[in-house]
file query.csv (CSV, C-alpha atoms)
chain,number,residue,atom,x,y,z
E,251,MET,CA,120.3,93.4,119.8
E,252,SER,CA,122.3,92.8,116.7
E,253,ARG,CA,123.3,95.6,114.4
E,254,LEU,CA,121.1,94.3,111.5
E,255,THR,CA,118.1,94.3,113.8
E,256,ARG,CA,118.8,97.9,114.8
E,257,VAL,CA,119.1,99.0,111.2
E,258,ILE,CA,115.8,97.2,110.3
E,259,ALA,CA,114.0,98.8,113.3
E,260,MET,CA,115.3,102.2,112.4
E,261,LEU,CA,114.1,101.8,108.8
E,262,VAL,CA,110.7,100.7,109.9
E,263,VAL,CA,110.5,103.8,112.2
E,264,LEU,CA,111.7,106.0,109.4
E,265,VAL,CA,109.1,104.6,107.0
E,266,LEU,CA,106.3,105.1,109.6
E,267,LEU,CA,107.3,108.7,110.2
E,268,LEU,CA,107.4,109.4,106.5
E,269,CYS,CA,103.9,107.9,106.1
E,270,ILE,CA,102.6,110.1,109.0
E,271,VAL,CA,104.2,113.2,107.4
E,272,ALA,CA,102.7,112.4,104.0
E,273,PHE,CA,99.3,111.9,105.7
E,274,VAL,CA,99.4,115.2,107.5
E,275,LEU,CA,100.5,117.0,104.3
E,276,GLU,CA,97.7,115.5,102.2
E,277,ASN,CA,94.9,116.1,104.7
E,278,GLN,CA,94.8,119.9,105.3
E,279,GLN,CA,91.1,120.4,104.9
E,280,SER,CA,89.6,122.2,108.0
E,281,VAL,CA,86.8,120.5,109.8
E,282,SER,CA,84.9,121.2,113.0
E,283,LEU,CA,83.9,118.2,115.1
E,284,GLN,CA,80.7,118.2,117.3
E,285,PHE,CA,79.9,115.7,120.0
E,286,LEU,CA,76.8,116.2,122.2
E,287,SER,CA,77.0,119.9,123.1
E,288,TRP,CA,80.8,120.2,122.7
E,289,THR,CA,82.2,121.7,119.5
E,290,ALA,CA,85.9,121.5,118.7
E,291,PRO,CA,87.6,124.4,116.9
E,292,GLN,CA,88.2,124.2,113.2
E,293,LEU,CA,91.4,122.4,112.6
E,294,PRO,CA,92.9,120.3,109.8
E,295,ILE,CA,91.5,116.8,109.7
E,296,SER,CA,95.0,115.3,110.1
E,297,VAL,CA,95.2,117.0,113.6
E,298,PHE,CA,92.2,115.1,114.8
E,299,VAL,CA,93.4,111.8,113.3
E,300,VAL,CA,96.9,112.1,114.8
E,301,LEU,CA,95.4,113.0,118.2
E,302,ALA,CA,93.2,109.9,118.0
E,303,LEU,CA,96.2,107.9,117.1
E,304,LEU,CA,98.2,109.2,120.1
E,305,VAL,CA,95.3,108.7,122.5
E,306,GLY,CA,95.0,105.1,121.3
E,307,MET,CA,98.7,104.6,121.7
E,308,LEU,CA,98.4,105.7,125.4
E,309,VAL,CA,95.1,104.1,126.3
E,310,GLY,CA,95.9,100.7,124.7
E,311,PRO,CA,99.0,99.9,126.8
E,312,LEU,CA,97.4,101.4,129.9
E,313,MET,CA,94.4,99.1,129.6
E,314,ALA,CA,96.8,96.1,129.0
E,315,TRP,CA,98.7,97.1,132.1
E,316,VAL,CA,95.5,97.3,134.2
E,317,ALA,CA,94.3,93.9,132.9
E,318,ARG,CA,97.6,92.3,133.8
E,319,ALA,CA,97.6,93.9,137.2
E,320,ARG,CA,94.0,92.5,137.8
E,321,ARG,CA,95.1,89.1,136.7
E,322,LYS,CA,98.0,89.1,139.1
E,323,THR,CA,95.8,90.1,142.1
E,324,ARG,CA,93.3,87.3,141.4
E,325,VAL,CA,96.0,84.6,141.5
call {"tool": "encode", "arguments": {"input": "query.csv", "output": "structure tokens"}}
result
Amino acid sequence: MSRLTRVIAMLVVLVLLLCIVAFVLENQQSVSLQFLSWTAPQLPISVFVVLALLVGMLVGPLMAWVARARRKTRV
């Protein structure tokens, strides 16, 4: 990886982190989510959105890995 590519990657990560921090600071209103009979505690809305982002970042690659593994077993 060239030095320029590393610098660009670090800048992209830095901008992404700054956007996340700005989002969290701007969304401090407390909400309580309800789903079926389950009620979440009252937390800032940014907590729920960041948790959904993290779950998506874990589930997406996991599903891709499972799909790739299934494709390999069929061949």
call {"tool": "residues_around", "arguments": {"input": "query.csv", "residues": "range 299-313 of chain E", "least_positions_apart": "4", "cutoff": "12 Å", "atoms": "only C-alpha atoms", "output": "number ranges by chain"}}
result
E: 267, 269-271, 273-274, 277-278, 281, 283, 293-295, 317-320
call {"tool": "closest_residue", "arguments": {"input": "query.csv", "among": "E:Thr255, E:Val297, E:Thr323, E:Val316", "to": "Glu276 in chain E", "atoms": "all atoms listed in the file"}}
result
E:Val297
call {"tool": "atom_distance", "arguments": {"input": "query.csv", "atom1": "CA of Arg253 in chain E", "atom2": "CA of Leu266 in chain E"}}
result
20.1 Å
call {"tool": "closest_residue", "arguments": {"input": "query.csv", "among": "E:Val263, E:Ser296, E:Ala314, E:Arg324", "to": "Gln279 in chain E", "atoms": "only C-alpha atoms"}}
result
E:Ser296
call {"tool": "atom_distance", "arguments": {"input": "query.csv", "atom1": "CA of Gln292 in chain E", "atom2": "CA of Ser280 in chain E"}}
result
5.7 Å
